[in-house]
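Below is input-v5.csv, holding CSV, C-alpha atoms.
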chain,number,residue,atom,x,y,z
A,194,MET,CA,0.0,0.0,0.0
A,195,ASN,CA,1.7,3.3,-1.0
A,196,LYS,CA,0.9,6.8,0.2
A,197,LYS,CA,-0.7,7.8,-3.1
A,198,THR,CA,-3.1,4.9,-3.1
A,199,GLY,CA,-3.9,5.5,0.6
A,200,ASN,CA,-4.7,9.2,-0.1
A,201,ILE,CA,-7.0,8.2,-3.1
A,202,LEU,CA,-8.9,5.6,-1.1
A,203,LEU,CA,-9.3,7.9,1.9
A,204,ARG,CA,-10.7,10.5,-0.4
A,205,ASP,CA,-13.1,8.0,-2.0
A,206,ALA,CA,-14.2,6.8,1.5
A,207,LEU,CA,-14.9,10.4,2.6
A,208,ILE,CA,-17.1,11.0,-0.5
A,209,GLU,CA,-18.9,7.7,-0.1
A,210,ALA,CA,-19.5,8.4,3.6
A,211,MET,CA,-21.0,11.8,3.0
A,212,LEU,CA,-23.2,10.5,0.2
A,213,ARG,CA,-24.4,7.5,2.2
A,214,GLU,CA,-25.4,9.8,5.1
A,215,PHE,CA,-27.3,12.1,2.7
A,216,ASP,CA,-29.0,9.2,1.0
A,217,ARG,CA,-30.0,7.6,4.3
A,218,ASP,CA,-31.5,10.9,5.5
A,219,MET,CA,-33.3,11.5,2.3
A,220,GLU,CA,-35.0,8.1,2.4
A,221,LYS,CA,-36.6,9.1,5.6
A,222,CYS,CA,-37.2,12.7,4.5
A,223,GLU,CA,-40.8,13.8,3.9
A,224,GLU,CA,-40.1,17.5,3.7
A,225,SER,CA,-41.2,19.7,0.8
A,226,PRO,CA,-38.6,21.4,-1.3
A,227,ILE,CA,-40.8,24.4,-1.8
A,228,CYS,CA,-39.6,27.6,0.0
A,229,SER,CA,-42.0,29.8,1.9
A,230,PRO,CA,-43.6,33.0,0.6
A,231,GLU,CA,-41.6,34.9,3.3
A,232,HIS,CA,-38.3,33.6,1.7
A,233,TYR,CA,-39.3,34.8,-1.8
A,234,LYS,CA,-40.4,38.1,-0.3
A,235,LYS,CA,-37.0,38.5,1.3
A,236,MET,CA,-35.1,37.5,-1.8
A,237,SER,CA,-37.2,40.0,-3.9
A,238,GLU,CA,-36.3,42.8,-1.4
A,239,ILE,CA,-32.6,41.9,-1.7
A,240,VAL,CA,-32.4,41.8,-5.5
A,241,GLY,CA,-34.9,44.5,-6.2
A,242,PHE,CA,-37.4,42.6,-8.3
A,243,ASP,CA,-40.1,40.1,-7.8
A,244,VAL,CA,-38.3,36.7,-8.0
A,245,THR,CA,-41.5,34.8,-8.3
A,246,LYS,CA,-42.3,36.3,-11.7
A,247,PRO,CA,-40.4,35.3,-14.8
A,248,ARG,CA,-37.5,37.6,-15.4
A,249,ARG,CA,-37.8,39.3,-18.7
A,250,LYS,CA,-34.0,39.8,-19.0
A,251,PRO,CA,-33.7,38.3,-22.5
A,252,ARG,CA,-36.7,40.4,-23.6
A,253,MET,CA,-35.0,43.5,-22.2
A,254,ARG,CA,-31.8,42.5,-24.0
A,255,LYS,CA,-33.8,42.1,-27.2
A,256,LYS,CA,-35.3,45.6,-26.7
A,257,VAL,CA,-31.8,47.0,-26.1
A,258,ILE,CA,-30.5,45.3,-29.2
A,259,ILE,CA,-33.4,46.6,-31.3
A,260,PHE,CA,-32.9,50.1,-29.8
A,261,ILE,CA,-29.2,50.2,-30.5
A,262,ILE,CA,-29.6,48.9,-34.0
A,263,ALA,CA,-32.4,51.2,-34.7
A,264,ALA,CA,-30.4,54.2,-33.4
A,265,ALA,CA,-27.4,53.1,-35.4
A,266,LEU,CA,-29.5,52.6,-38.5
A,267,ALA,CA,-31.2,55.9,-38.0
A,268,LEU,CA,-27.8,57.5,-38.1
A,269,THR,CA,-26.9,55.7,-41.3
A,270,GLY,CA,-30.3,56.4,-42.9
A,271,CYS,CA,-31.4,52.8,-43.0
A,272,VAL,CA,-35.1,52.2,-42.5
A,273,ALA,CA,-37.0,49.0,-42.8
A,274,VAL,CA,-38.3,48.7,-46.4
A,275,PHE,CA,-41.2,46.5,-45.3
A,276,TYR,CA,-42.5,44.1,-42.8
A,277,ARG,CA,-44.1,40.8,-43.7
A,278,GLN,CA,-45.6,38.0,-41.7
A,279,ILE,CA,-45.7,34.5,-42.8
A,280,GLY,CA,-47.0,31.9,-40.4
A,281,ASN,CA,-45.2,32.6,-37.1
A,282,PHE,CA,-42.4,34.6,-38.6
A,283,ILE,CA,-42.2,38.3,-39.0
A,284,GLU,CA,-39.5,39.6,-41.4
A,285,GLU,CA,-38.4,43.2,-41.0
A,286,VAL,CA,-36.6,43.7,-44.4
A,287,TYR,CA,-34.0,46.4,-44.5
A,288,GLU,CA,-31.8,47.4,-47.4
A,289,LYS,CA,-28.9,45.1,-46.5
A,290,TYR,CA,-30.3,42.7,-43.9
A,291,ILE,CA,-33.3,41.1,-42.5
A,292,LYS,CA,-34.4,40.6,-38.9
A,293,VAL,CA,-36.6,37.6,-38.2
A,294,HIS,CA,-38.5,37.0,-35.1
A,295,PHE,CA,-41.7,35.3,-34.0
A,296,VAL,CA,-45.1,36.8,-34.0
A,297,GLU,CA,-46.3,36.8,-30.5
A,298,GLU,CA,-44.9,36.0,-27.1
A,299,THR,CA,-46.0,32.8,-25.4
A,300,PRO,CA,-46.7,33.9,-21.8
A,301,ALA,CA,-46.3,30.3,-20.5
A,302,ALA,CA,-43.0,29.7,-22.2
A,303,PRO,CA,-39.9,29.6,-20.0
A,304,THR,CA,-37.6,32.6,-20.4
A,305,GLU,CA,-34.7,30.2,-20.0
A,306,ILE,CA,-34.0,26.9,-21.7
A,307,GLU,CA,-35.3,24.0,-19.7
A,308,ASP,CA,-34.9,21.2,-22.2
A,309,VAL,CA,-31.6,21.0,-24.2
A,310,TYR,CA,-32.1,19.7,-27.7
A,311,THR,CA,-29.5,18.1,-29.9
A,312,LEU,CA,-29.3,16.6,-33.4
A,313,THR,CA,-29.5,12.8,-33.7
A,314,TYR,CA,-29.2,12.9,-37.5
A,315,VAL,CA,-26.6,14.9,-39.4
A,316,PRO,CA,-25.5,14.4,-43.0
A,317,GLU,CA,-22.8,11.8,-43.6
A,318,GLY,CA,-19.3,12.8,-42.6
A,319,TYR,CA,-20.4,15.4,-40.0
A,320,LYS,CA,-19.5,15.2,-36.3
A,321,LEU,CA,-20.1,17.5,-33.4
A,322,ALA,CA,-17.0,19.7,-33.1
A,323,LYS,CA,-18.0,22.5,-30.7
A,324,GLN,CA,-20.8,23.1,-28.3
A,325,SER,CA,-21.7,26.0,-26.0
A,326,ILE,CA,-24.7,25.9,-23.6
A,327,ASN,CA,-26.0,28.7,-21.4
A,328,ALA,CA,-29.4,29.5,-19.9
A,329,ILE,CA,-30.9,31.1,-23.0
A,330,HIS,CA,-28.8,29.9,-25.9
A,331,ILE,CA,-27.5,26.6,-27.1
A,332,ARG,CA,-25.1,26.3,-30.1
A,333,GLN,CA,-23.8,23.1,-31.6
A,334,GLU,CA,-21.3,23.2,-34.5
A,335,TYR,CA,-20.9,20.1,-36.6
A,336,SER,CA,-18.1,19.8,-39.2
A,337,ASN,CA,-16.7,17.4,-41.7
A,338,GLU,CA,-13.2,16.7,-42.9
A,339,ALA,CA,-13.5,19.4,-45.5
A,340,LYS,CA,-14.2,21.9,-42.7
A,341,ASP,CA,-17.7,22.5,-43.9
A,342,THR,CA,-19.9,23.4,-40.9
A,343,ILE,CA,-23.6,23.0,-39.9
A,344,VAL,CA,-24.5,25.1,-36.9
A,345,PHE,CA,-27.6,24.2,-34.9
A,346,GLU,CA,-28.9,26.7,-32.4
A,347,GLN,CA,-31.7,26.7,-29.8
A,348,ASN,CA,-33.1,29.8,-28.1
A,349,ALA,CA,-36.0,30.5,-25.8
A,350,ILE,CA,-38.9,31.5,-27.9
A,351,ASN,CA,-39.5,34.9,-26.4
A,352,SER,CA,-35.9,36.0,-26.3
A,353,THR,CA,-35.0,35.4,-30.0
A,354,ILE,CA,-34.0,37.7,-32.8
A,355,CYS,CA,-32.0,36.6,-35.8
A,356,ILE,CA,-30.2,39.1,-38.0
A,357,LEU,CA,-29.3,37.9,-41.4
A,358,ASP,CA,-27.3,39.6,-44.1
A,359,ALA,CA,-29.8,39.5,-47.0
A,360,GLU,CA,-28.5,41.7,-49.8
A,361,LYS,CA,-29.6,39.3,-52.5
A,362,GLY,CA,-31.3,36.6,-50.4
A,363,LYS,CA,-34.1,34.4,-51.4
A,364,THR,CA,-36.8,33.1,-49.0
A,365,ILE,CA,-38.9,30.0,-49.3
A,366,PHE,CA,-40.9,28.1,-46.8
A,367,ILE,CA,-41.2,24.4,-46.2
A,368,GLU,CA,-44.1,22.9,-44.4
A,369,HIS,CA,-43.7,19.5,-42.8
A,370,LYS,CA,-46.1,18.0,-40.3
A,371,ASN,CA,-47.5,21.3,-39.2
A,372,ILE,CA,-44.0,22.8,-38.8
A,373,LEU,CA,-43.3,25.8,-40.9
A,374,ILE,CA,-39.6,26.1,-41.8
A,375,TYR,CA,-38.3,29.4,-42.9
A,376,CYS,CA,-35.5,28.9,-45.4
A,377,LYS,CA,-33.3,31.8,-46.4
A,378,THR,CA,-30.5,31.6,-49.0
A,379,ILE,CA,-28.0,34.4,-48.7
A,380,LYS,CA,-24.8,34.4,-50.8
A,381,ASP,CA,-23.0,31.3,-49.5
A,382,LYS,CA,-25.1,30.7,-46.4
A,383,TYR,CA,-28.3,28.9,-46.0
A,384,TYR,CA,-30.5,29.5,-42.9
A,385,TYR,CA,-33.4,27.3,-41.7
A,386,LEU,CA,-35.6,28.5,-38.9
A,387,TRP,CA,-38.5,26.9,-37.1
A,388,ASN,CA,-40.1,26.9,-33.7
A,389,THR,CA,-42.1,25.0,-31.2
A,390,SER,CA,-44.2,26.5,-28.4
A,391,PHE,CA,-41.3,27.1,-26.2
A,392,TYR,CA,-38.2,27.3,-28.4
A,393,GLN,CA,-36.8,28.6,-31.6
A,394,PHE,CA,-34.4,26.5,-33.6
A,395,SER,CA,-32.1,27.3,-36.5
A,396,ILE,CA,-29.6,25.6,-38.7
A,397,CYS,CA,-27.0,27.4,-40.7
A,398,SER,CA,-24.9,25.8,-43.3
A,399,ARG,CA,-22.6,26.8,-46.1
A,400,TYR,CA,-24.2,24.6,-48.7
A,401,SER,CA,-27.8,23.9,-49.5
A,402,LEU,CA,-29.5,21.1,-47.7
A,403,ASP,CA,-32.2,19.6,-49.8
A,404,GLU,CA,-35.7,19.5,-48.3
A,405,ARG,CA,-35.4,15.8,-47.4
A,406,GLU,CA,-32.2,16.4,-45.4
A,407,ILE,CA,-33.7,19.3,-43.6
A,408,VAL,CA,-36.8,17.3,-42.7
A,409,LYS,CA,-34.6,14.4,-41.5
A,410,ILE,CA,-32.5,16.7,-39.3
A,411,ILE,CA,-35.6,18.3,-37.8
A,412,GLU,CA,-37.3,15.0,-37.2
A,413,GLY,CA,-34.1,13.7,-35.5
A,414,ILE,CA,-33.9,16.6,-33.0
A,415,THR,CA,-34.5,15.3,-29.5
A,416,THR,CA,-33.8,16.3,-25.9
A,417,LYS,CA,-30.5,15.3,-24.4
B,279,MET,CA,-32.7,32.6,-4.5
B,280,LEU,CA,-30.9,32.0,-7.8
B,281,ALA,CA,-31.0,35.6,-8.8
B,282,TYR,CA,-29.5,36.6,-5.5
B,283,ILE,CA,-26.8,34.0,-5.7
B,284,LEU,CA,-25.8,34.9,-9.2
B,285,SER,CA,-25.7,38.6,-8.2
B,286,ILE,CA,-22.9,37.8,-5.8
B,287,CYS,CA,-21.1,35.3,-8.1
B,288,GLU,CA,-18.4,36.1,-10.7
B,289,PRO,CA,-19.9,35.7,-14.2
B,290,LYS,CA,-17.4,33.0,-15.1
B,291,TYR,CA,-18.8,30.7,-12.4
B,292,HIS,CA,-22.5,31.3,-13.4
B,293,PRO,CA,-22.8,28.0,-15.4
B,294,ILE,CA,-21.5,25.8,-12.6
B,295,ILE,CA,-23.5,27.6,-9.9
B,296,GLU,CA,-26.7,27.4,-12.1
B,297,HIS,CA,-26.0,23.7,-12.6
B,298,ILE,CA,-25.7,23.2,-8.8
B,299,TYR,CA,-28.8,25.2,-8.2
B,300,TYR,CA,-31.0,23.4,-10.7
B,301,THR,CA,-29.6,20.0,-9.8
B,302,TYR,CA,-29.4,20.1,-6.1
B,303,GLN,CA,-31.4,23.0,-4.6
B,304,GLU,CA,-34.5,21.1,-3.9
B,305,ASP,CA,-32.6,18.3,-2.2
B,306,MET,CA,-30.6,20.9,-0.2
B,307,VAL,CA,-33.8,22.4,1.1
B,308,ARG,CA,-35.3,19.1,2.0
B,309,PHE,CA,-32.0,17.9,3.6
B,310,ALA,CA,-31.7,21.1,5.7
B,311,LYS,CA,-35.4,20.9,6.8
B,312,PHE,CA,-35.0,17.3,7.8
B,313,ARG,CA,-31.9,17.9,9.8
B,314,LEU,CA,-33.3,20.9,11.7
B,315,ARG,CA,-36.7,19.2,12.3
B,316,ASN,CA,-34.9,16.2,13.8
B,317,ARG,CA,-33.1,18.5,16.2
B,318,ASN,CA,-36.4,20.1,17.2
B,319,ILE,CA,-35.5,23.6,15.9
B,320,PRO,CA,-38.5,25.9,16.1
B,321,ASN,CA,-39.7,27.3,12.7
B,322,TYR,CA,-37.3,24.8,11.2
B,323,GLU,CA,-38.7,25.3,7.7
B,324,ILE,CA,-37.9,29.1,7.7
B,325,GLU,CA,-34.5,28.4,9.3
B,326,ALA,CA,-33.7,25.7,6.7
B,327,GLU,CA,-34.1,28.3,3.9
B,328,ASP,CA,-31.5,30.5,5.6
B,329,VAL,CA,-29.2,27.4,6.0
B,330,VAL,CA,-29.5,26.7,2.2
B,331,GLN,CA,-29.0,30.3,1.4
B,332,ASN,CA,-25.8,30.4,3.5
B,333,SER,CA,-24.7,27.2,1.9
B,334,PHE,CA,-24.9,28.7,-1.5
B,335,ILE,CA,-23.0,31.8,-0.3
B,336,LYS,CA,-20.2,29.5,0.8
B,337,ILE,CA,-20.3,27.5,-2.4
B,338,VAL,CA,-20.2,30.7,-4.4
B,339,THR,CA,-17.3,32.1,-2.3
B,340,TYR,CA,-15.3,29.0,-3.1
B,341,ALA,CA,-16.6,28.5,-6.6
B,342,TYR,CA,-13.0,28.4,-7.8
B,343,LYS,CA,-12.5,25.2,-5.8
B,344,ILE,CA,-15.0,23.3,-7.9
B,345,ASP,CA,-13.6,21.3,-10.7
B,346,GLN,CA,-16.4,21.6,-13.4
B,347,LYS,CA,-15.2,18.3,-14.9
B,348,SER,CA,-15.4,16.3,-11.7
B,349,PRO,CA,-18.0,13.5,-11.5
B,350,PRO,CA,-21.5,14.2,-10.2
B,351,LYS,CA,-20.7,12.1,-7.1
B,352,ILE,CA,-18.0,14.5,-6.0
B,353,LEU,CA,-20.1,17.6,-6.6
B,354,LYS,CA,-23.1,16.1,-4.9
B,355,SER,CA,-21.1,15.1,-1.8
B,356,TYR,CA,-19.5,18.5,-1.6
B,357,VAL,CA,-22.8,20.4,-1.9
B,358,MET,CA,-24.4,18.2,0.7
B,359,THR,CA,-21.4,18.4,3.0
B,360,ILE,CA,-21.7,22.2,3.0
B,361,VAL,CA,-25.5,21.9,3.8
B,362,LYS,CA,-24.7,19.4,6.5
B,363,ASN,CA,-22.1,21.7,8.0
B,364,GLU,CA,-24.4,24.8,7.9
B,365,SER,CA,-27.4,23.0,9.4
B,366,SER,CA,-25.3,21.3,12.1
B,367,SER,CA,-23.5,24.5,12.8
B,368,PHE,CA,-26.9,26.3,13.1
B,369,VAL,CA,-28.1,23.6,15.6
B,370,HIS,CA,-24.8,23.9,17.5
B,371,LYS,CA,-25.2,27.7,17.9
B,372,PHE,CA,-28.9,27.4,18.7
B,373,PHE,CA,-28.3,25.2,21.6
B,374,LYS,CA,-25.1,27.1,22.5
B,375,GLN,CA,-22.9,24.0,22.7
B,376,PRO,CA,-19.2,24.6,23.6
B,377,GLU,CA,-16.5,24.4,21.0
B,378,ALA,CA,-13.9,21.6,21.1
B,379,GLU,CA,-10.8,22.5,23.0
B,380,ALA,CA,-7.6,23.1,21.0
B,381,LEU,CA,-4.8,20.5,21.3
B,382,GLU,CA,-1.2,21.5,22.0
B,383,GLY,CA,1.8,20.2,20.1
B,384,GLU,CA,2.8,19.4,16.6
B,385,PHE,CA,0.4,18.1,14.0
B,386,ALA,CA,1.3,15.3,11.7
B,387,SER,CA,0.6,15.7,7.9
B,388,MET,CA,-2.2,13.9,6.1
B,389,GLU,CA,0.5,12.0,4.1
B,390,ASP,CA,2.1,10.5,7.2
B,391,TYR,CA,-1.4,9.3,8.3
B,392,THR,CA,-2.6,7.8,5.1
B,393,ALA,CA,0.6,5.9,4.5
B,394,THR,CA,-0.1,3.8,7.6
B,395,LEU,CA,-3.5,2.6,6.4
B,396,ASN,CA,-4.1,-0.7,4.7
B,397,ILE,CA,-7.1,0.7,3.1
B,398,LEU,CA,-7.8,-2.0,0.6
B,399,ASN,CA,-8.8,-4.3,3.4
B,400,ILE,CA,-10.6,-1.8,5.5
B,401,TYR,CA,-12.4,0.5,3.0
B,402,GLU,CA,-15.9,-0.2,4.3
B,403,ASP,CA,-14.6,0.1,7.9
B,404,ILE,CA,-13.2,3.5,7.1
B,405,ILE,CA,-16.5,4.6,5.6
B,406,ASP,CA,-18.3,3.4,8.8
B,407,ALA,CA,-15.8,5.2,10.9
B,408,ILE,CA,-16.2,8.4,9.0
B,409,GLU,CA,-19.9,8.2,9.3
B,410,SER,CA,-19.6,7.9,13.0
B,411,LEU,CA,-17.6,11.1,13.3
B,412,ASP,CA,-19.4,14.3,14.5
B,413,TYR,CA,-19.8,16.8,11.7
B,414,ILE,CA,-17.2,19.1,13.3
B,415,TYR,CA,-14.6,16.5,12.5
B,416,SER,CA,-15.8,15.0,9.3
B,417,VAL,CA,-16.4,18.2,7.4
B,418,PRO,CA,-12.9,19.7,7.9
B,419,ILE,CA,-11.2,16.5,6.9
B,420,TYR,CA,-13.5,16.2,3.9
B,421,LEU,CA,-12.7,19.7,2.8
B,422,LYS,CA,-9.0,19.1,3.2
B,423,VAL,CA,-8.7,15.7,1.6
B,424,VAL,CA,-11.5,15.8,-1.1
B,425,MET,CA,-11.7,19.4,-2.1
B,426,ASP,CA,-8.1,20.3,-1.3
B,427,PHE,CA,-9.0,23.4,0.7
B,428,ASP,CA,-6.1,25.0,2.6
B,429,ILE,CA,-6.3,25.4,6.3
B,430,ASP,CA,-7.0,29.1,6.1
B,431,GLU,CA,-9.8,28.5,3.5
B,432,ILE,CA,-11.4,25.9,5.8
B,433,SER,CA,-11.1,28.3,8.6
B,434,VAL,CA,-13.0,31.0,6.7
B,435,MET,CA,-15.5,28.5,5.3
B,436,LEU,CA,-16.4,27.0,8.6
B,437,GLU,CA,-16.0,30.3,10.6
B,438,ILE,CA,-13.5,28.8,13.0
B,439,CYS,CA,-9.9,29.7,13.8
B,440,GLU,CA,-7.1,28.0,12.0
B,441,LYS,CA,-5.9,26.3,15.2
B,442,THR,CA,-9.3,24.8,15.6
B,443,VAL,CA,-9.2,23.5,12.0
B,444,TYR,CA,-5.9,21.8,12.8
B,445,THR,CA,-7.3,20.4,16.1
B,446,ARG,CA,-10.4,18.9,14.5
B,447,ILE,CA,-8.5,17.4,11.6
B,448,GLU,CA,-6.0,15.8,14.0
B,449,ARG,CA,-8.8,14.5,16.2
B,450,ALA,CA,-10.6,13.1,13.2
B,451,LYS,CA,-7.5,11.2,12.2
B,452,LYS,CA,-7.0,9.9,15.7
B,453,MET,CA,-10.6,8.8,16.0
B,454,LEU,CA,-10.4,7.1,12.6
B,455,LYS,CA,-7.2,5.4,13.6
B,456,GLN,CA,-8.8,4.2,16.8
B,457,LYS,CA,-11.6,2.6,14.9
B,458,VAL,CA,-9.7,1.0,12.1
B,459,GLY,CA,-6.1,0.9,13.5
B,460,ASP,CA,-6.3,-2.6,14.8
B,461,LYS,CA,-6.9,-3.9,11.3
B,462,PHE,CA,-3.6,-2.4,9.9
B,463,ILE,CA,-1.2,-4.9,8.4
Give the structure from this file in C-alpha cells form.
Amino acid sequence: MNKKTGNILLRDALIEAMLREFDRDMEKCEESPICSPEHYKKMSEIVGFDVTKPRRKPRMRKKVIIFIIAAALALTGCVAVFYRQIGNFIEEVYEKYIKVHFVEETPAAPTEIEDVYTLTYVPEGYKLAKQSINAIHIRQEYSNEAKDTIVFEQNAINSTICILDAEKGKTIFIEHKNILIYCKTIKDKYYYLWNTSFYQFSICSRYSLDEREIVKIIEGITTK
Amino acid sequence: MLAYILSICEPKYHPIIEHIYYTYQEDMVRFAKFRLRNRNIPNYEIEAEDVVQNSFIKIVTYAYKIDQKSPPKILKSYVMTIVKNESSSFVHKFFKQPEAEALEGEFASMEDYTATLNILNIYEDIIDAIESLDYIYSVPIYLKVVMDFDIDEISVMLEICEKTVYTRIERAKKMLKQKVGDKFI
C-alpha cells in the first residue's frame, strides 16, 4: 500500500460516507422542497425585483439590441423597407439585412432553456465539433473533414431575434407535419428557422441542404 | 434565490452555480429541513431556507475550488457536506454548545497518516468510521482531503480559527485510527 493509493482511497471513502449519510436521511425525509412566501419576499427585497415572476431579461436585452440597432441605422439612414408576416415569422426587411422574429410572445413559455435539444441525425461525414450551452442559448457546431460546418442553435422562444445579411437573399418556406420552416438563402449561407411553443431553432450551413435532409434533421432533433 | 446567488457570483462561475442550483437546490432544502426538524428547531422550515442560502453563499465564495469536470458524485457530496455543516452549525449555535478544545503540540501531515493505512482491506470500515464522526470533525477533513482546501480556507468556510481546524482534523485522524487501526497490516 503506498501513500498515493492511501490518499486516493481515503478521499473516496470520505465522498462515499457523505453521500451515504445524505441518501439515508433523504430516504426518511418527507419535507417539501418548496420555499416559503416569506423567503421569496426576502429574496425579492434583496435583489430589487419580484423573484416569483419570470424575469424578462432576454426580452429586455432584445429591446436594447433593437434600440441600439435602430439608433445606429437611423444615423446611417437605413429604414425597414417593409414588414411581412408568414406563419409565425415576421420579417423586417432592411436594405442590406433582415431581422426575423416570432409573431407573439408565449406567456407560459420559459424565459430560459429548460430542455436542451440536440441533433441525432446529421449528413454523412459530419460530427459534433463544438458546443456551448447557457441558460438562454445553445449552439452546436458540426463539421466534416473538409471543414464545412452545420450550426444548430436553440433559443428560448420569447428571447430570440435573428439578424441575417440579406442583400440578395431568397426566402422559401417548407411545411412539414405542421412545422413551418423558414429557409433563407444568402450568398454562400443557408438558414433554416422553425419553432415549437417554447423554443426557436435554427440551422445554418454553407451549402444547400435539400428538403429531405432538412426534414430528416428536424425530425431527428431530441432532448439530451 | 438563484437571482441573488448569481448577483454575488463572478460571471465566469455562473454556469456551474446554475447547474448546482437546478440539480441540487430542492434536495438541499429538503435535507436542511430534515436535519433541523430532527433536532427540534422551532420554525425549522424558515431556518432551513437560511441554511440553504448560507450554503450557497459558501459555495459561491469558493466556486474556484469546484472542478467543473469532476464526476457528479463528488459535486453532490461537496454540496451536501456544505449543507450538513451549515445545518449542524446552526443547531450547534442554537443550543449554545461549547466548541472543542484546542490541542497543543505538533500536528502530523495527512500523508504521514494515510501511509499507515491498509485501506484496501478496510475500506468499508473506514466509511463506517467516517460516518460515526461528528460533523465538526468529518467536514474539515472532507474539505482538506476531497476538495483540497487550505487550512485558512477551511477556517473561513467554517468560521472557526485555523488552530481549531488543525485540532479537528487531527482529532478526526485519531478517531479514525482508533476505529480501524487494529486492522492495519
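For chain B, the residues no farther than 6 Å from chain A when using all atoms listed in the file are Tyr282, Glu304, Val307, Arg308, Ser355, Thr392, Ala393, Ile405, Glu409, Val423 and Val424 of chain B.
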| said: Please report the interatomic distance between atom CA of Ile419 of chain B and atom CA of Lys354 of chain B in Å with one decimal. | reply: 16.8 Å
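Among B:Lys441, B:Met279, B:Phe312, B:Pro289, the residue with the shortest atom-to-atom distance to Asp328 of chain B, counting all atoms listed in the file, is B:Met279.
Closest to Tyr300 of chain B among A:Ile306, A:Ala349, A:Val293, A:Ala322 is A:Ile306, based on only C-alpha atoms.
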Adding 3 Å on each side of the box along x, y and z that holds all listed atoms of segment 402-414 of chain A, could you give its centre and edge lengths in Å to one decimal, as AutoDock Vina command-line options?
--center_x -33.4 --center_y 17.4 --center_z -41.4 --size_x 13.8 --size_y 13.4 --size_z 22.8
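Straight-line separation from atom CA of Ser398 of chain A to atom CA of Lys382 of chain A: 5.8 Å.
With only C-alpha atoms as the atoms that count, the minimum distance from Phe427 of chain B to the choices B:Cys287, B:Ile344, B:Ile352, B:Ile294 is reached by B:Ile344.
Within 10 Å of Leu353 of chain B, once all atoms listed in the file are used and residues closer than 6 positions along the same chain are dropped, the contacting residues are Ile208 of chain A; Ile298, Tyr302, Ile344, Asp345, Gln346, Lys347, Thr359 and Met425 of chain B.
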| query | Contacts of segment 329-335 of chain B at 6 Å or less, counting all atoms listed in the file, minus same-chain residues fewer than 2 places along, as a PyMOL selection string? | reply | chain B and resi 326-327+337-338+360-361+364-365
| field | Between atom CA of Leu386 of chain A and atom CA of Tyr335 of chain A - distance in Å to one decimal | value | 17.1 Å
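If you measure from each of A:Glu305, A:Leu321, A:Ser336, A:Glu404 to Ile350 of chain A using all atoms listed in the file, the closest one turns out to be A:Glu305.
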| request: Find the spatial neighbours of segment 451-458 of chain B, counting all atoms listed in the file, within a cut-off of 7 Å - ignore same-chain residues fewer than 4 positions away - and output them as a PyMOL selection string. | output: chain B and resi 403-404+407-408+447
| task | Tell me which protein, DNA and RNA residues are within 12 Å of Thr416 of chain A, counting only C-alpha atoms, leaving out same-chain ones fewer than 6 positions away, and put them as a PyMOL selection string. | result | chain A and resi 306-313+347
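Shell of Ile414 of chain B at 9 Å, with only C-alpha atoms counted and residues fewer than 6 places along the chain excluded, is Asn363, Ser366, Ser367, Ala378, Arg446 and Ala450 of chain B.
Comparing A:Ile396, A:Val408, A:Val315, A:Ile331 by their smallest distance to Ile367 of chain A, the closest is A:Val408 (using only C-alpha atoms).
If you measure from each of B:Asn316, B:Ser348, B:Thr445, B:Thr301 to Val369 of chain B using only C-alpha atoms, the closest one turns out to be B:Asn316.
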Would you mind putting N, CA, C and O atoms back on segment 362-371 of chain B and writing the result as a JSON list (two decimals), in the coordinates of the input?
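As written to disk, rebuild-v1.json reads:
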[["chain", "number", "residue", "atom", "x", "y", "z"],
["B", 362, "LYS", "N", -24.81, 20.09, 5.24],
["B", 362, "LYS", "CA", -24.70, 19.40, 6.50],
["B", 362, "LYS", "C", -23.98, 20.25, 7.55],
["B", 362, "LYS", "O", -24.43, 20.38, 8.69],
["B", 363, "ASN", "N", -22.88, 20.89, 7.13],
["B", 363, "ASN", "CA", -22.10, 21.70, 8.00],
["B", 363, "ASN", "C", -22.96, 22.93, 8.48],
["B", 363, "ASN", "O", -23.00, 23.27, 9.67],
["B", 364, "GLU", "N", -23.61, 23.57, 7.53],
["B", 364, "GLU", "CA", -24.40, 24.80, 7.90],
["B", 364, "GLU", "C", -25.55, 24.42, 8.79],
["B", 364, "GLU", "O", -25.84, 25.15, 9.74],
["B", 365, "SER", "N", -26.24, 23.31, 8.52],
["B", 365, "SER", "CA", -27.40, 23.00, 9.40],
["B", 365, "SER", "C", -26.92, 22.51, 10.74],
["B", 365, "SER", "O", -27.50, 22.91, 11.76],
["B", 366, "SER", "N", -25.84, 21.75, 10.79],
["B", 366, "SER", "CA", -25.30, 21.30, 12.10],
["B", 366, "SER", "C", -24.76, 22.47, 12.88],
["B", 366, "SER", "O", -24.93, 22.54, 14.10],
["B", 367, "SER", "N", -24.10, 23.36, 12.18],
["B", 367, "SER", "CA", -23.50, 24.50, 12.80],
["B", 367, "SER", "C", -24.67, 25.40, 13.39],
["B", 367, "SER", "O", -24.55, 25.98, 14.49],
["B", 368, "PHE", "N", -25.76, 25.49, 12.66],
["B", 368, "PHE", "CA", -26.90, 26.30, 13.10],
["B", 368, "PHE", "C", -27.45, 25.66, 14.42],
["B", 368, "PHE", "O", -27.72, 26.37, 15.40],
["B", 369, "VAL", "N", -27.59, 24.34, 14.43],
["B", 369, "VAL", "CA", -28.10, 23.60, 15.60],
["B", 369, "VAL", "C", -27.13, 23.86, 16.79],
["B", 369, "VAL", "O", -27.54, 24.14, 17.92],
["B", 370, "HIS", "N", -25.86, 23.74, 16.48],
["B", 370, "HIS", "CA", -24.80, 23.90, 17.50],
["B", 370, "HIS", "C", -24.94, 25.30, 18.16],
["B", 370, "HIS", "O", -24.92, 25.42, 19.38],
["B", 371, "LYS", "N", -25.09, 26.33, 17.34],
["B", 371, "LYS", "CA", -25.20, 27.70, 17.90],
["B", 371, "LYS", "C", -26.54, 27.88, 18.58],
["B", 371, "LYS", "O", -26.62, 28.56, 19.60]]
